[in-house]
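Working notes for the structure below.
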There are 4 protein chains.
Amino acid sequence: MARQARAQIDELRPTRDVILDAAERLFAERGYAGVSMRDITAETGLKNQASLYHHFRNKRALYQAVLARGVSQITTLMPEPARSMEIDNNIDRLLDYLGQHPHLARLIQRAALDDSRYLGSTVRKVLNPIYAQGRQALSGADAVWERDEIPHLAAGLYHLIFSYFANAELLAVFIDDPLGPAAVERQRRFLKAAVALLLGVQASAPARQAERV
Amino acid sequence: MARQARAQIDELRPTRDVILDAAERLFAERGYAGVSMRDITAETGLKNQASLYHHFRNKRALYQAVLARGVSQITTLMPEPARSMEIDNNIDRLLDYLGQHPHLARLIQRAALDDSRYLGSTVRKVLNPIYAQGRQALSGADAVWERDEIPHLAAGLYHLIFSYFANAELLAVFIDDPLGPAAVERQRRFLKAAVALLLGVQASAPARQAERV
Amino acid sequence: MARQARAQIDELRPTRDVILDAAERLFAERGYAGVSMRDITAETGLKNQASLYHHFRNKRALYQAVLARGVSQITTLMPEPARSMEIDNNIDRLLDYLGQHPHLARLIQRAALDDSRYLGSTVRKVLNPIYAQGRQALSGADAVWERDEIPHLAAGLYHLIFSYFANAELLAVFIDDPLGPAAVERQRRFLKAAVALLLGVQASAPARQAERV
Amino acid sequence: MARQARAQIDELRPTRDVILDAAERLFAERGYAGVSMRDITAETGLKNQASLYHHFRNKRALYQAVLARGVSQITTLMPEPARSMEIDNNIDRLLDYLGQHPHLARLIQRAALDDSRYLGSTVRKVLNPIYAQGRQALSGADAVWERDEIPHLAAGLYHLIFSYFANAELLAVFIDDPLGPAAVERQRRFLKAAVALLLGVQASAPARQAERV
DNA sequence: GATGAATGAGGATTCATTCAT
DNA sequence: AATGAATGAATCCTCATTCAT
């Protein structure tokens, strides 16, 4: 993942946003407990941790703000009902975005793991929209799946999409440069085909056969 | 998820294993940085943190031991090449195990996220077998997929299987009691069907149609 | 103790006085070190600590202003030489005032404790008048006491009067509602009798005997 | 007040006691909020604040331990019922002790001020014995006082005795070296006479008259 | 093999204060 | 006159680790 330039305070961006950016990167990389307010301060370019507290009541509040922003960015990418015609569009949009912001996938996957038992259900509140939207989008998939399987399908698709980016670093073991354009393109191809198969959209299969020839 | 009894030192198990058990639970729940040696000491029933150092050189070493043990438990569950006949067996074995040790899925997903940049490639070393085995198992799936898509497929299947358990708590939002027997059974049904679709195993589809009637 | 309404900035009182009021209450309750500028800001109704510095150079200066004002209120209550006739008047005036401003007694007792070693002799300077006035008032008590005992007597009377109010909360253990009218009246009776005994004013004793009948 | 030598860790005293001693001195001098764990560490001779937490759960717990110890030292000095014959003994014992440990008087007076509203009623619990014992000791004083005045008398005597030492530094303004032997002796004389007057013990008055001649 | 004690470094958070607006 | 923002230093407390017993 390309190391983004350290956010500079002297830019014209509001300090609050600079903090959010820095915190987002760090929380995504090391998780809530793995990041100290000192780390965030340094990454921000601010000179003193006290400044953070001027903008966020405490570490938890900062984390939640980061999460809320990150999640809202994601949810706006998947607003449309998944009519077969538009599914590919949704996937395209998601992949485009996650390909460029892979740390967001990490951030969210971490949040999902930390939920409830550890960080309290505030995380759940903020992650709900993502799952919920996916589930709703699949409400018409009962050609292939039984009604009570739909939620499992929704979860599955969600994981299929996000985990690739969240675990990209690790996948480098057998996928060359997983976040590079070639690999992302391959993942896009794979994903579209996989979704088509899972949703029983016949049109795709022949298309793929054609492609292969 | 059934709350396992806190590991007691006074049991007959070797202290080293008691520590590993306690640490595994905690690391799975809160991640490496979210767990302190004191936490582990308490969960273990030992009275002093110094005791831990008698069995493990330091926190990192303990973590790696936990990880290695957890991963080896998983890898022994997926040893067989995925000939169509045996895929269902592999899935069954995995689901049976993960359904009873869902924190293992969390532990491993956390380790994947923490890799490289944060915890050093030791994690990678220990997680490699899981991905690798999956990839090899799919070496025959080129009826549906191009060769360069196979690794993406392997990763996808892996995520499909593990993420359900890793994120079970969160899924409770729209899946009732995700770790209860009913939900796990549904997930099993879904997974087998999904895998069949993805691997192009026609046999399954009719079977499902039959089931539905 | 009647909970005074929180000082509001939007009143017509000069901000400086509003700050002094708020600070007085807080310093009395928690002592110099136990109160932060932020606390005072909040109690005042101001929105930013910086505002305080517009009216007082720093925390110390604010504290001293509070103290000076509080002490001057007290000293004006005890100006008259303690001729036997007027002692009761002095006590009455003091008790009336302290009964309604018990936190002043606390403020001053705290200041006395914090003196010199901790907060510098500024406190001493401001508290001197109180002791001094008392001592002078007793210059005629040499019917009962030797000359070198007079200062001890002065200190004793002073403590007798102030400590009741300063420690009122604690006295609630065996005095019912120590700041309520009934208890204050009893304290008044007790004090007058005690002072009469200590100053050797015979007149009072019979008076008390009469009262008791 | 004679500056006691800084407690040294390398003495044979248990560390816990060394900490209590250091904390007692500091809390007495500057109050709960005015003392930092760092201060206490330094005064103790320990090299690191973390060591304090090995012996006391937190600052509050340390403070309460200090208080409990200090109060118990005081209460063992005033155990006997105040029969006229023995009052002087009680006073003597108290004065002897407080004369040598004047900071104990400060510590307790501070605790009384900080009670309830600020530090929680734990302080009250620990201070209760002092007041209570005094009150009980006076149960026979109804020759001079009405029954409902006895508690006020008890409080008064208590304040009379303790405040002298608590405020000794300040009294230096008009009492020369208030903690020196001469002044303490004068205070003893004064106190005994005052108590005799307040308790209506006639024997003392003539004795004093004789003394004066 | 287990524990009590100690410690340097670092954790989050608050302190009093200043400056520009 | 009031405020938002920033900051150095300090707050309490916990971290992982070591050593002697």
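The way I read the labels, and the way they are meant: chains A, B, ... in the order of the structure tokens, residue 1 as the first residue of every chain, and ligand 1 as the first ligand shown, with later ones counted on from there.
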
Item to complete: Show me which bits of chain F are within 9 Å of chain D, counting only C-alpha atoms (C1' of nucleotides), as an MDAnalysis selection string.
Response: chainID F and resid 11:14

Item to complete: Could the residues of chain E within 10 Å of chain C, counting only C-alpha atoms (C1' of nucleotides), be given as a VMD selection string, please?
Response: chain E and resid 14 to 18

Write a file of the just-selected residues containing N, CA, C and O atoms (P, O5', C5', C4', C3', O3' and C1' of nucleotides), as a compact mmCIF listing (two decimals), in the first residue's frame.
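So the final result, stored in selection-v3.txt, reads:
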```
# COMPACT_ATOMS: atom_id res chain seq x y z
P DT E 14 -10.00 14.29 30.79
O5' DT E 14 -8.96 15.23 31.57
C5' DT E 14 -8.49 14.81 32.82
C4' DT E 14 -7.58 15.88 33.40
C3' DT E 14 -8.16 17.30 33.31
O3' DT E 14 -7.91 17.89 34.58
C1' DT E 14 -6.01 17.26 32.36
P DC E 15 -8.42 19.32 34.92
O5' DC E 15 -7.07 20.15 34.86
C5' DC E 15 -6.04 19.76 35.77
C4' DC E 15 -4.81 20.61 35.61
C3' DC E 15 -5.07 22.08 35.33
O3' DC E 15 -5.13 22.75 36.57
C1' DC E 15 -3.37 21.23 33.88
P DA E 16 -5.81 24.18 36.58
O5' DA E 16 -4.65 25.12 36.02
C5' DA E 16 -3.40 25.14 36.67
C4' DA E 16 -2.41 25.96 35.85
C3' DA E 16 -2.82 27.42 35.66
O3' DA E 16 -1.65 28.22 35.76
C1' DA E 16 -2.64 26.36 33.54
P DT E 17 -1.81 29.79 35.73
O5' DT E 17 -1.52 30.10 34.20
C5' DT E 17 -0.32 29.60 33.63
C4' DT E 17 -0.35 29.77 32.12
C3' DT E 17 -0.75 31.15 31.61
O3' DT E 17 0.43 31.78 31.13
C1' DT E 17 -1.60 29.39 30.25
P DT E 18 0.38 33.28 30.65
O5' DT E 18 0.26 33.08 29.07
C5' DT E 18 1.24 32.29 28.41
C4' DT E 18 0.92 32.22 26.93
C3' DT E 18 0.63 33.58 26.26
O3' DT E 18 1.43 33.66 25.10
C1' DT E 18 -1.09 32.03 25.76
```

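Within 12 Å of Thr41 of chain A, once only C-alpha atoms (C1' of nucleotides) are used and residues closer than 3 positions along the same chain are dropped, the contacting residues are Arg6, Ala7, Gln8, Ile9, Thr15, Arg16, Val18, Ile19, Leu20, Asp21, Ala22, Ala23, Leu26, Val35, Ser36, Met37, Arg38, Thr44, Gly45, Leu46, Lys47, Asn48, Gln49, Ala50, Ser51, Leu52, Tyr53 and Lys59 of chain A.
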
What would the file look like if the residues just selected were written as a CSV table (one decimal), in the first residue's frame with N, CA, C and O atoms?
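So selection_26.csv came out as:
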```
chain,number,residue,atom,x,y,z
A,6,ARG,N,2.4,12.1,5.1
A,6,ARG,CA,1.9,12.5,6.5
A,6,ARG,C,1.1,13.8,6.4
A,6,ARG,O,1.6,14.8,5.8
A,7,ALA,N,0.0,13.7,6.9
A,7,ALA,CA,-0.9,14.9,6.9
A,7,ALA,C,-0.2,16.1,7.6
A,7,ALA,O,0.3,15.9,8.7
A,8,GLN,N,-0.2,17.1,7.0
A,8,GLN,CA,0.4,18.3,7.6
A,8,GLN,C,-0.6,19.3,8.1
A,8,GLN,O,-1.6,19.6,7.5
A,9,ILE,N,-0.3,19.8,9.3
A,9,ILE,CA,-1.3,20.7,9.9
A,9,ILE,C,-1.3,22.0,9.1
A,9,ILE,O,-2.3,22.7,9.0
A,15,THR,N,-8.2,21.4,11.1
A,15,THR,CA,-7.5,20.5,12.0
A,15,THR,C,-8.2,19.2,12.3
A,15,THR,O,-7.7,18.1,12.3
A,16,ARG,N,-9.5,19.4,12.5
A,16,ARG,CA,-10.3,18.2,12.8
A,16,ARG,C,-10.2,17.1,11.8
A,16,ARG,O,-10.1,15.9,12.1
A,18,VAL,N,-7.8,16.8,9.6
A,18,VAL,CA,-6.4,16.3,9.6
A,18,VAL,C,-6.3,15.2,10.6
A,18,VAL,O,-5.7,14.1,10.4
A,19,ILE,N,-6.8,15.4,11.8
A,19,ILE,CA,-6.8,14.4,12.8
A,19,ILE,C,-7.5,13.2,12.4
A,19,ILE,O,-7.0,12.0,12.6
A,20,LEU,N,-8.7,13.3,11.9
A,20,LEU,CA,-9.4,12.2,11.4
A,20,LEU,C,-8.7,11.3,10.4
A,20,LEU,O,-8.6,10.1,10.5
A,21,ASP,N,-8.0,12.0,9.5
A,21,ASP,CA,-7.3,11.3,8.5
A,21,ASP,C,-6.1,10.5,9.1
A,21,ASP,O,-6.0,9.3,8.9
A,22,ALA,N,-5.4,11.2,10.0
A,22,ALA,CA,-4.3,10.5,10.6
A,22,ALA,C,-4.8,9.3,11.4
A,22,ALA,O,-4.2,8.2,11.4
A,23,ALA,N,-5.8,9.5,12.2
A,23,ALA,CA,-6.3,8.5,13.1
A,23,ALA,C,-6.8,7.3,12.2
A,23,ALA,O,-6.6,6.1,12.6
A,26,LEU,N,-4.0,5.1,11.1
A,26,LEU,CA,-3.4,4.4,12.2
A,26,LEU,C,-4.3,3.3,12.7
A,26,LEU,O,-3.9,2.2,12.9
A,35,VAL,N,-2.9,1.8,18.8
A,35,VAL,CA,-2.6,3.1,18.5
A,35,VAL,C,-2.7,4.0,19.7
A,35,VAL,O,-3.7,3.9,20.5
A,36,SER,N,-1.7,4.8,20.0
A,36,SER,CA,-1.7,5.7,21.1
A,36,SER,C,-2.0,7.1,20.6
A,36,SER,O,-1.8,7.5,19.5
A,37,MET,N,-2.6,7.9,21.5
A,37,MET,CA,-2.9,9.3,21.2
A,37,MET,C,-1.6,10.0,20.8
A,37,MET,O,-1.6,10.9,20.0
A,38,ARG,N,-0.5,9.6,21.3
A,38,ARG,CA,0.8,10.1,21.0
A,38,ARG,C,1.1,9.8,19.5
A,38,ARG,O,1.5,10.7,18.7
A,44,THR,N,-0.2,13.5,12.9
A,44,THR,CA,-1.0,14.6,12.5
A,44,THR,C,-0.1,15.8,12.2
A,44,THR,O,-0.5,16.7,11.4
A,45,GLY,N,1.0,15.9,12.9
A,45,GLY,CA,1.8,17.1,12.8
A,45,GLY,C,1.6,18.0,13.9
A,45,GLY,O,2.3,19.0,14.0
A,46,LEU,N,0.6,17.8,14.7
A,46,LEU,CA,0.4,18.6,15.9
A,46,LEU,C,1.5,18.4,16.8
A,46,LEU,O,2.2,17.4,16.8
A,47,LYS,N,1.7,19.4,17.7
A,47,LYS,CA,2.9,19.3,18.6
A,47,LYS,C,2.5,18.7,19.9
A,47,LYS,O,3.4,18.4,20.7
A,48,ASN,N,1.3,18.6,20.2
A,48,ASN,CA,0.9,18.2,21.6
A,48,ASN,C,-0.4,17.4,21.6
A,48,ASN,O,-1.3,17.8,21.0
A,49,GLN,N,-0.3,16.3,22.4
A,49,GLN,CA,-1.5,15.5,22.4
A,49,GLN,C,-2.7,16.2,22.9
A,49,GLN,O,-3.9,15.9,22.6
A,50,ALA,N,-2.5,17.2,23.7
A,50,ALA,CA,-3.6,18.0,24.3
A,50,ALA,C,-4.5,18.5,23.2
A,50,ALA,O,-5.7,18.7,23.4
A,51,SER,N,-3.9,18.8,22.1
A,51,SER,CA,-4.7,19.4,21.0
A,51,SER,C,-5.8,18.5,20.5
A,51,SER,O,-6.9,18.9,20.2
A,52,LEU,N,-5.5,17.2,20.5
A,52,LEU,CA,-6.5,16.2,20.1
A,52,LEU,C,-7.7,16.4,20.9
A,52,LEU,O,-8.9,16.3,20.4
A,53,TYR,N,-7.5,16.6,22.2
A,53,TYR,CA,-8.7,16.7,23.1
A,53,TYR,C,-9.5,17.9,22.9
A,53,TYR,O,-10.6,18.1,23.5
A,59,LYS,N,-10.2,9.2,23.4
A,59,LYS,CA,-9.8,8.3,22.3
A,59,LYS,C,-11.0,7.6,21.7
A,59,LYS,O,-11.1,7.5,20.5
```

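The list of residues with at least one atom within 9 Å of Ile74 of chain B, based on only C-alpha atoms (C1' of nucleotides) and without residues fewer than 3 positions apart in the same chain, reads Arg69, Gly70, Val71, Leu77, Met78, Leu94, Tyr97, Leu98, Leu104 and Ile130 of chain B.
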
File of the preceding selection, all heavy atoms, as a PDB file, in the first residue's frame:
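The file below, selection.pdb, is the result:
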```
ATOM      1  N   ARG B  69      -0.386 -22.747  17.699  1.00  0.00           N
ATOM      2  CA  ARG B  69      -1.258 -23.828  18.110  1.00  0.00           C
ATOM      3  C   ARG B  69      -2.602 -23.706  17.411  1.00  0.00           C
ATOM      4  O   ARG B  69      -3.134 -24.684  16.863  1.00  0.00           O
ATOM      5  CB  ARG B  69      -1.437 -23.794  19.629  1.00  0.00           C
ATOM      6  CG  ARG B  69      -1.965 -25.081  20.199  1.00  0.00           C
ATOM      7  CD  ARG B  69      -2.192 -25.010  21.701  1.00  0.00           C
ATOM      8  NE  ARG B  69      -3.225 -24.042  22.060  1.00  0.00           N
ATOM      9  CZ  ARG B  69      -3.861 -24.049  23.243  1.00  0.00           C
ATOM     10  NH1 ARG B  69      -3.536 -24.949  24.159  1.00  0.00           N
ATOM     11  NH2 ARG B  69      -4.776 -23.156  23.500  1.00  0.00           N
ATOM     12  N   GLY B  70      -3.145 -22.508  17.396  1.00  0.00           N
ATOM     13  CA  GLY B  70      -4.450 -22.310  16.770  1.00  0.00           C
ATOM     14  C   GLY B  70      -4.427 -22.648  15.295  1.00  0.00           C
ATOM     15  O   GLY B  70      -5.339 -23.308  14.774  1.00  0.00           O
ATOM     16  N   VAL B  71      -3.391 -22.194  14.630  1.00  0.00           N
ATOM     17  CA  VAL B  71      -3.328 -22.432  13.190  1.00  0.00           C
ATOM     18  C   VAL B  71      -3.170 -23.914  12.884  1.00  0.00           C
ATOM     19  O   VAL B  71      -3.779 -24.441  11.945  1.00  0.00           O
ATOM     20  CB  VAL B  71      -2.165 -21.623  12.580  1.00  0.00           C
ATOM     21  CG1 VAL B  71      -1.882 -22.091  11.169  1.00  0.00           C
ATOM     22  CG2 VAL B  71      -2.522 -20.140  12.577  1.00  0.00           C
ATOM     23  N   LEU B  77      -7.465 -29.581   9.687  1.00  0.00           N
ATOM     24  CA  LEU B  77      -8.857 -29.800   9.291  1.00  0.00           C
ATOM     25  C   LEU B  77      -9.048 -29.744   7.785  1.00  0.00           C
ATOM     26  O   LEU B  77     -10.094 -30.088   7.264  1.00  0.00           O
ATOM     27  CB  LEU B  77      -9.762 -28.759   9.943  1.00  0.00           C
ATOM     28  CG  LEU B  77      -9.875 -28.827  11.460  1.00  0.00           C
ATOM     29  CD1 LEU B  77     -10.688 -27.655  11.956  1.00  0.00           C
ATOM     30  CD2 LEU B  77     -10.516 -30.139  11.864  1.00  0.00           C
ATOM     31  N   MET B  78      -8.055 -29.224   7.060  1.00  0.00           N
ATOM     32  CA  MET B  78      -8.252 -29.047   5.628  1.00  0.00           C
ATOM     33  C   MET B  78      -7.113 -29.669   4.833  1.00  0.00           C
ATOM     34  O   MET B  78      -6.511 -29.015   3.993  1.00  0.00           O
ATOM     35  CB  MET B  78      -8.349 -27.567   5.292  1.00  0.00           C
ATOM     36  CG  MET B  78      -7.397 -26.719   6.125  1.00  0.00           C
ATOM     37  SD  MET B  78      -7.874 -25.006   6.213  1.00  0.00           S
ATOM     38  CE  MET B  78      -7.660 -24.469   4.552  1.00  0.00           C
ATOM     39  N   LEU B  94     -14.541 -28.331   8.897  1.00  0.00           N
ATOM     40  CA  LEU B  94     -14.225 -26.961   9.297  1.00  0.00           C
ATOM     41  C   LEU B  94     -15.354 -26.334  10.105  1.00  0.00           C
ATOM     42  O   LEU B  94     -15.141 -25.751  11.170  1.00  0.00           O
ATOM     43  CB  LEU B  94     -13.943 -26.114   8.055  1.00  0.00           C
ATOM     44  CG  LEU B  94     -12.480 -26.037   7.634  1.00  0.00           C
ATOM     45  CD1 LEU B  94     -12.348 -25.326   6.303  1.00  0.00           C
ATOM     46  CD2 LEU B  94     -11.675 -25.300   8.703  1.00  0.00           C
ATOM     47  N   TYR B  97     -15.751 -27.673  13.580  1.00  0.00           N
ATOM     48  CA  TYR B  97     -14.730 -27.184  14.508  1.00  0.00           C
ATOM     49  C   TYR B  97     -14.920 -25.699  14.834  1.00  0.00           C
ATOM     50  O   TYR B  97     -14.906 -25.293  15.994  1.00  0.00           O
ATOM     51  CB  TYR B  97     -13.345 -27.422  13.922  1.00  0.00           C
ATOM     52  CG  TYR B  97     -12.261 -27.309  14.958  1.00  0.00           C
ATOM     53  CD1 TYR B  97     -12.001 -28.366  15.817  1.00  0.00           C
ATOM     54  CD2 TYR B  97     -11.522 -26.152  15.092  1.00  0.00           C
ATOM     55  CE1 TYR B  97     -11.031 -28.271  16.792  1.00  0.00           C
ATOM     56  CE2 TYR B  97     -10.547 -26.037  16.066  1.00  0.00           C
ATOM     57  CZ  TYR B  97     -10.299 -27.104  16.912  1.00  0.00           C
ATOM     58  OH  TYR B  97      -9.339 -26.997  17.878  1.00  0.00           O
ATOM     59  N   LEU B  98     -15.087 -24.910  13.801  1.00  0.00           N
ATOM     60  CA  LEU B  98     -15.232 -23.468  14.037  1.00  0.00           C
ATOM     61  C   LEU B  98     -16.496 -23.159  14.820  1.00  0.00           C
ATOM     62  O   LEU B  98     -16.540 -22.225  15.624  1.00  0.00           O
ATOM     63  CB  LEU B  98     -15.242 -22.720  12.703  1.00  0.00           C
ATOM     64  CG  LEU B  98     -13.906 -22.711  11.965  1.00  0.00           C
ATOM     65  CD1 LEU B  98     -14.037 -21.987  10.632  1.00  0.00           C
ATOM     66  CD2 LEU B  98     -12.836 -22.028  12.821  1.00  0.00           C
ATOM     67  N   LEU B 104     -11.400 -19.064  17.595  1.00  0.00           N
ATOM     68  CA  LEU B 104     -10.239 -19.342  16.758  1.00  0.00           C
ATOM     69  C   LEU B 104     -10.321 -18.572  15.443  1.00  0.00           C
ATOM     70  O   LEU B 104      -9.311 -18.072  14.944  1.00  0.00           O
ATOM     71  CB  LEU B 104     -10.141 -20.840  16.463  1.00  0.00           C
ATOM     72  CG  LEU B 104      -9.149 -21.598  17.321  1.00  0.00           C
ATOM     73  CD1 LEU B 104      -8.959 -23.004  16.786  1.00  0.00           C
ATOM     74  CD2 LEU B 104      -7.810 -20.874  17.334  1.00  0.00           C
ATOM     75  N   ILE B 130      -2.420 -21.865   5.976  1.00  0.00           N
ATOM     76  CA  ILE B 130      -3.862 -21.867   5.755  1.00  0.00           C
ATOM     77  C   ILE B 130      -4.198 -21.490   4.320  1.00  0.00           C
ATOM     78  O   ILE B 130      -4.878 -22.229   3.595  1.00  0.00           O
ATOM     79  CB  ILE B 130      -4.528 -20.911   6.749  1.00  0.00           C
ATOM     80  CG1 ILE B 130      -4.409 -21.482   8.158  1.00  0.00           C
ATOM     81  CG2 ILE B 130      -5.988 -20.712   6.368  1.00  0.00           C
ATOM     82  CD1 ILE B 130      -5.250 -20.764   9.158  1.00  0.00           C
TER      83      ILE B 130
END
```

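Between chain C and the residues D:Asp115, D:Asp88, D:Asp39, D:Glu24, the shortest atom-to-atom distance, using only C-alpha atoms, involves D:Asp115.
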
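For the residues C:Arg60, C:His152, C:Arg188, C:His55, ranking by smallest atom-to-atom distance to chain D using only C-alpha atoms places C:His152 first.
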
Fill in: Among the residues C:Ala183, C:Ala194, C:Leu199, C:Ala143, the one that comes closest to Leu157 of chain D [using only C-alpha atoms]
C:Ala194

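Within 6 Å of chain C, counting only C-alpha atoms, chain D contributes Ala33, Gly34, Gly156 and Leu160 of chain D.
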
Item to complete: Would you kindly return, as a ChimeraX atom specification, each protein, DNA or RNA residue with an atom no farther than 12 Å from any atom of DA20 of chain F, considering only C-alpha atoms (C1' of nucleotides) and excluding same-chain residues fewer than 2 positions away?
Response: /E:3-6 /F:18
